[in-house]
Each structure stands twice: as C-alpha cells, then as structure tokens.
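Colleague: My file is coords31.txt. It has compact mmCIF, N, CA and C atoms:
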# COMPACT_ATOMS: atom_id res chain seq x y z
N MET A 1309 26.75 253.86 -2.93
CA MET A 1309 26.45 252.66 -3.68
C MET A 1309 27.38 252.62 -4.89
N THR A 1310 27.97 251.45 -5.11
CA THR A 1310 28.90 251.27 -6.22
C THR A 1310 28.30 250.30 -7.23
N ILE A 1311 28.37 250.65 -8.48
CA ILE A 1311 27.85 249.78 -9.54
C ILE A 1311 29.05 249.24 -10.32
N ASP A 1312 29.18 247.91 -10.33
CA ASP A 1312 30.27 247.27 -11.08
C ASP A 1312 29.85 247.08 -12.52
N ARG A 1313 30.84 247.03 -13.37
CA ARG A 1313 30.56 246.76 -14.78
C ARG A 1313 30.23 245.28 -14.98
N VAL A 1314 29.43 245.00 -15.96
CA VAL A 1314 29.09 243.62 -16.28
C VAL A 1314 30.35 242.93 -16.79
N GLY A 1315 30.64 241.73 -16.26
CA GLY A 1315 31.81 240.99 -16.70
C GLY A 1315 33.10 241.54 -16.13
N SER A 1316 33.04 242.13 -14.97
CA SER A 1316 34.26 242.68 -14.39
C SER A 1316 35.20 241.56 -13.96
N ILE A 1317 36.45 241.87 -13.85
CA ILE A 1317 37.46 240.89 -13.46
C ILE A 1317 37.49 240.79 -11.94
N ASP A 1318 37.41 239.57 -11.47
CA ASP A 1318 37.45 239.32 -10.03
C ASP A 1318 38.89 239.46 -9.55
N PRO A 1319 39.17 240.33 -8.58
CA PRO A 1319 40.55 240.53 -8.15
C PRO A 1319 41.13 239.32 -7.41
N ILE A 1320 40.29 238.41 -6.95
CA ILE A 1320 40.79 237.24 -6.22
C ILE A 1320 41.24 236.16 -7.20
N GLN A 1321 40.53 235.96 -8.28
CA GLN A 1321 40.88 234.93 -9.25
C GLN A 1321 41.47 235.61 -10.48
N PRO A 1322 42.72 235.36 -10.75
CA PRO A 1322 43.34 236.00 -11.92
C PRO A 1322 42.74 235.45 -13.21
N GLY A 1323 42.79 236.24 -14.24
CA GLY A 1323 42.25 235.85 -15.53
C GLY A 1323 43.08 234.76 -16.19
N LYS A 1324 42.57 234.22 -17.27
CA LYS A 1324 43.25 233.16 -18.00
C LYS A 1324 44.44 233.75 -18.74
N LYS A 1325 45.58 233.09 -18.61
CA LYS A 1325 46.78 233.57 -19.29
C LYS A 1325 46.77 233.04 -20.72
N PRO A 1326 47.10 233.88 -21.68
CA PRO A 1326 47.10 233.43 -23.08
C PRO A 1326 48.22 232.43 -23.33
N GLY A 1327 47.92 231.44 -24.17
CA GLY A 1327 48.93 230.46 -24.56
C GLY A 1327 49.01 229.26 -23.63
N ARG A 1328 48.39 229.29 -22.51
CA ARG A 1328 48.50 228.19 -21.55
C ARG A 1328 47.81 226.93 -22.05
N SER A 1329 46.70 227.04 -22.73
CA SER A 1329 45.98 225.86 -23.20
C SER A 1329 46.78 225.12 -24.27
N ASP A 1330 47.59 225.80 -25.04
CA ASP A 1330 48.41 225.14 -26.05
C ASP A 1330 49.45 224.25 -25.41
N GLN A 1331 50.02 224.67 -24.29
CA GLN A 1331 51.03 223.87 -23.61
C GLN A 1331 50.42 222.58 -23.06
N VAL A 1332 49.23 222.64 -22.56
CA VAL A 1332 48.58 221.47 -21.99
C VAL A 1332 48.26 220.45 -23.07
N ASN A 1333 47.81 220.89 -24.22
CA ASN A 1333 47.42 220.00 -25.29
C ASN A 1333 48.61 219.30 -25.94
N GLN A 1334 49.80 219.80 -25.80
CA GLN A 1334 50.96 219.20 -26.42
C GLN A 1334 51.49 218.01 -25.64
N ILE A 1335 51.13 217.86 -24.39
CA ILE A 1335 51.63 216.76 -23.57
C ILE A 1335 50.76 215.53 -23.81
N PRO A 1336 51.34 214.44 -24.33
CA PRO A 1336 50.52 213.23 -24.53
C PRO A 1336 50.22 212.57 -23.18
N ILE A 1337 48.99 212.16 -23.04
CA ILE A 1337 48.56 211.54 -21.79
C ILE A 1337 48.33 210.06 -22.06
N LYS A 1338 48.98 209.22 -21.28
CA LYS A 1338 48.83 207.77 -21.40
C LYS A 1338 48.35 207.23 -20.06
N ASP A 1339 47.22 206.55 -20.10
CA ASP A 1339 46.69 205.92 -18.90
C ASP A 1339 47.09 204.46 -18.89
N SER A 1340 47.32 203.95 -17.70
CA SER A 1340 47.63 202.54 -17.57
C SER A 1340 47.22 202.07 -16.19
N ILE A 1341 47.00 200.78 -16.08
CA ILE A 1341 46.68 200.19 -14.79
C ILE A 1341 47.56 198.96 -14.59
N ASN A 1342 47.79 198.62 -13.35
CA ASN A 1342 48.52 197.41 -13.00
C ASN A 1342 47.64 196.59 -12.08
N ILE A 1343 47.48 195.32 -12.41
CA ILE A 1343 46.67 194.42 -11.60
C ILE A 1343 47.61 193.50 -10.84
N SER A 1344 47.44 193.46 -9.54
CA SER A 1344 48.31 192.61 -8.72
C SER A 1344 48.00 191.15 -8.99
N SER A 1345 48.95 190.29 -8.68
CA SER A 1345 48.74 188.85 -8.88
C SER A 1345 47.61 188.35 -7.98
N GLU A 1346 47.48 188.94 -6.80
CA GLU A 1346 46.39 188.55 -5.90
C GLU A 1346 45.03 188.91 -6.49
N ALA A 1347 44.92 190.08 -7.09
CA ALA A 1347 43.65 190.49 -7.71
C ALA A 1347 43.34 189.61 -8.92
N ALA A 1348 44.35 189.26 -9.71
CA ALA A 1348 44.14 188.38 -10.86
C ALA A 1348 43.68 187.00 -10.42
N GLU A 1349 44.26 186.50 -9.33
CA GLU A 1349 43.87 185.20 -8.80
C GLU A 1349 42.42 185.23 -8.30
N LYS A 1350 42.06 186.29 -7.59
CA LYS A 1350 40.69 186.41 -7.10
C LYS A 1350 39.69 186.54 -8.25
N ALA A 1351 40.08 187.24 -9.30
CA ALA A 1351 39.20 187.36 -10.47
C ALA A 1351 39.00 186.00 -11.13
N GLU A 1352 40.06 185.21 -11.21
CA GLU A 1352 39.95 183.87 -11.80
C GLU A 1352 39.06 182.98 -10.94
N LEU A 1353 39.21 183.05 -9.62
CA LEU A 1353 38.36 182.26 -8.73
C LEU A 1353 36.90 182.69 -8.86
N TYR A 1354 36.66 183.98 -8.99
CA TYR A 1354 35.29 184.48 -9.16
C TYR A 1354 34.71 183.97 -10.48
N ARG A 1355 35.52 183.98 -11.54
CA ARG A 1355 35.06 183.50 -12.84
C ARG A 1355 34.70 182.01 -12.77
N VAL A 1356 35.53 181.22 -12.12
CA VAL A 1356 35.25 179.79 -12.00
C VAL A 1356 34.00 179.56 -11.17
N LYS A 1357 33.84 180.34 -10.12
CA LYS A 1357 32.65 180.22 -9.27
C LYS A 1357 31.38 180.54 -10.08
N GLU A 1358 31.44 181.56 -10.91
CA GLU A 1358 30.29 181.92 -11.74
C GLU A 1358 29.98 180.82 -12.76
N ILE A 1359 31.01 180.21 -13.32
CA ILE A 1359 30.79 179.11 -14.27
C ILE A 1359 30.14 177.93 -13.56
N ALA A 1360 30.63 177.61 -12.36
CA ALA A 1360 30.05 176.50 -11.60
C ALA A 1360 28.61 176.80 -11.21
N ALA A 1361 28.32 178.03 -10.85
CA ALA A 1361 26.96 178.40 -10.47
C ALA A 1361 26.01 178.33 -11.67
N ALA A 1362 26.53 178.58 -12.86
CA ALA A 1362 25.71 178.56 -14.05
C ALA A 1362 25.47 177.15 -14.58
N ALA A 1363 26.21 176.17 -14.05
CA ALA A 1363 26.05 174.79 -14.50
C ALA A 1363 24.63 174.33 -14.18
N SER A 1364 23.99 173.73 -15.17
CA SER A 1364 22.59 173.37 -15.00
C SER A 1364 22.39 172.07 -14.24
N GLU A 1365 23.38 171.20 -14.23
CA GLU A 1365 23.19 169.89 -13.64
C GLU A 1365 24.17 169.67 -12.48
N VAL A 1366 23.64 169.36 -11.32
CA VAL A 1366 24.46 168.99 -10.17
C VAL A 1366 24.10 167.55 -9.85
N ARG A 1367 25.08 166.68 -9.95
CA ARG A 1367 24.83 165.26 -9.74
C ARG A 1367 25.10 164.91 -8.29
N THR A 1368 24.12 165.15 -7.43
CA THR A 1368 24.29 164.91 -6.00
C THR A 1368 24.50 163.43 -5.71
N GLY A 1369 23.89 162.55 -6.48
CA GLY A 1369 24.09 161.12 -6.28
C GLY A 1369 25.53 160.72 -6.52
N LYS A 1370 26.13 161.25 -7.58
CA LYS A 1370 27.53 160.96 -7.90
C LYS A 1370 28.46 161.53 -6.83
N ILE A 1371 28.13 162.71 -6.34
CA ILE A 1371 28.94 163.33 -5.29
C ILE A 1371 28.91 162.48 -4.02
N GLU A 1372 27.74 162.01 -3.64
CA GLU A 1372 27.63 161.17 -2.44
C GLU A 1372 28.38 159.85 -2.63
N GLU A 1373 28.31 159.28 -3.82
CA GLU A 1373 29.03 158.04 -4.11
C GLU A 1373 30.54 158.23 -3.96
N LEU A 1374 31.05 159.35 -4.49
CA LEU A 1374 32.48 159.64 -4.37
C LEU A 1374 32.88 159.91 -2.93
N ARG A 1375 32.04 160.60 -2.16
CA ARG A 1375 32.33 160.83 -0.74
C ARG A 1375 32.43 159.51 0.01
N ALA A 1376 31.53 158.59 -0.29
CA ALA A 1376 31.55 157.29 0.38
C ALA A 1376 32.82 156.52 0.02
N LYS A 1377 33.24 156.59 -1.24
CA LYS A 1377 34.47 155.91 -1.66
C LYS A 1377 35.69 156.50 -0.96
N ILE A 1378 35.75 157.82 -0.89
CA ILE A 1378 36.91 158.48 -0.26
C ILE A 1378 36.97 158.17 1.22
N ASN A 1379 35.83 158.10 1.88
CA ASN A 1379 35.81 157.81 3.32
C ASN A 1379 36.07 156.34 3.62
N ASP A 1380 35.97 155.46 2.64
CA ASP A 1380 36.25 154.04 2.82
C ASP A 1380 37.76 153.83 2.81
N PRO A 1381 38.34 153.33 3.92
CA PRO A 1381 39.80 153.16 3.98
C PRO A 1381 40.33 152.15 2.95
N ALA A 1382 39.51 151.20 2.53
CA ALA A 1382 39.96 150.20 1.56
C ALA A 1382 40.07 150.80 0.15
N TYR A 1383 39.34 151.85 -0.14
CA TYR A 1383 39.33 152.45 -1.47
C TYR A 1383 40.62 153.21 -1.77
N LEU A 1384 41.08 153.97 -0.80
CA LEU A 1384 42.28 154.79 -1.03
C LEU A 1384 43.53 153.95 -0.80
N ASN A 1385 43.93 153.25 -1.83
CA ASN A 1385 45.17 152.50 -1.76
C ASN A 1385 46.18 153.11 -2.73
N LYS A 1386 47.35 152.54 -2.76
CA LYS A 1386 48.43 153.11 -3.56
C LYS A 1386 48.09 153.11 -5.06
N ASP A 1387 47.43 152.08 -5.55
CA ASP A 1387 47.08 152.00 -6.97
C ASP A 1387 46.09 153.09 -7.37
N VAL A 1388 45.08 153.33 -6.55
CA VAL A 1388 44.08 154.35 -6.84
C VAL A 1388 44.72 155.74 -6.82
N ILE A 1389 45.57 155.97 -5.84
CA ILE A 1389 46.24 157.28 -5.73
C ILE A 1389 47.14 157.52 -6.94
N ASN A 1390 47.91 156.50 -7.35
CA ASN A 1390 48.79 156.66 -8.52
C ASN A 1390 47.99 156.85 -9.80
N ALA A 1391 46.89 156.13 -9.97
CA ALA A 1391 46.06 156.28 -11.16
C ALA A 1391 45.45 157.68 -11.21
N THR A 1392 45.00 158.17 -10.06
CA THR A 1392 44.43 159.52 -10.01
C THR A 1392 45.49 160.57 -10.33
N ALA A 1393 46.67 160.41 -9.78
CA ALA A 1393 47.77 161.36 -10.05
C ALA A 1393 48.12 161.34 -11.53
N ASP A 1394 48.15 160.16 -12.15
CA ASP A 1394 48.44 160.09 -13.58
C ASP A 1394 47.38 160.78 -14.41
N LYS A 1395 46.11 160.63 -14.03
CA LYS A 1395 45.03 161.30 -14.76
C LYS A 1395 45.13 162.82 -14.64
N ILE A 1396 45.49 163.29 -13.44
CA ILE A 1396 45.64 164.74 -13.24
C ILE A 1396 46.79 165.27 -14.08
N ILE A 1397 47.89 164.56 -14.09
CA ILE A 1397 49.06 165.00 -14.88
C ILE A 1397 48.72 165.00 -16.37
N ASP A 1398 48.02 163.95 -16.82
CA ASP A 1398 47.64 163.89 -18.24
C ASP A 1398 46.69 165.04 -18.59
N ALA A 1399 45.78 165.36 -17.70
CA ALA A 1399 44.82 166.45 -17.96
C ALA A 1399 45.53 167.80 -18.01
N LEU A 1400 46.54 167.98 -17.19
CA LEU A 1400 47.24 169.27 -17.15
C LEU A 1400 48.28 169.42 -18.25
N PHE A 1401 49.01 168.35 -18.54
CA PHE A 1401 50.15 168.48 -19.45
C PHE A 1401 50.01 167.64 -20.71
N GLY A 1402 49.03 166.79 -20.78
CA GLY A 1402 48.95 165.88 -21.92
C GLY A 1402 48.07 166.35 -22.95
Please express the file's structure as structure tokens.
Modeller:
Amino acid sequence: MTIDRVGSIDPIQPGKKPGRSDQVNQIPIKDSINISSEAAEKAELYRVKEIAAAASEVRTGKIEELRAKINDPAYLNKDVINATADKIIDALFG
C-alpha cells in the first residue's frame, strides 16, 4: 500500500509555470461583431412588424374602401398614379 502526500503533483498535468499569467494580461482583448446587411434588414422588418402589431387602431372600413377603389378599373388612371407617386416622393425626400 502506498500513501501519497497531500497536494502531490499529478505527473499527467504539469504544474503552473511562473510568469505565464503576466503575459496573458498584457495582451489587450477587443471584441467586435459584424452584422450582415441581410440581418440588419430582417431586424428592421421585425421592428416595423412589432410597431404595427402594437398599433391600437385598425381601420378595417378604410382598408376595405381602399381595396374597392384599387380593384375598380376606373379609379386607377394616370392622374391618380402620378398624384400617388408625387406624394410618395414628397414623403421620402421632401
């Protein structure tokens, strides 16, 4: 029967080398992430969806009225299309 000393050194795992921890602490560590354009686009769509879901009022009557106008062939004429395009351009750039 062999009795080992308390705190004996394990021959498989070498002991800690002196001075090694100082070398590790001297290296500055900088973390960074890169977000792909696809991920940014999906995040924006998710944000817009959450805003729309949080909207308290859904005007189903107005939506049905607009659907009926769009489906009416007499409604979509050149003047309506140009006026709508102008409003979109003004909203985006004006």
Colleague: Expressed in Å to a single decimal, how great is the separation between atom CA of Ala1399 of chain A and atom CA of Val1356 of chain A?
Modeller: 17.5 Å
Colleague: Using atom CA of Glu1349 of chain A and atom CA of Ala1391 of chain A as the two end points, give the distance in Å to one decimal.
Modeller: 29.1 Å
Colleague: Please, what distance in Å, to one decimal, runs between atom N of Ile1389 of chain A and atom CA of Lys1377 of chain A?
Modeller: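 Going from atom N of Ile1389 of chain A over to atom CA of Lys1377 of chain A, I get 11.9 Å.
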Colleague: Hey, what does DSSP flag as alpha helix (DSSP H) within segment 1340-1389 of chain A? Can you give it to me as a ChimeraX atom specification?
Modeller: /A:1345-1362,1368-1379,1386-1389
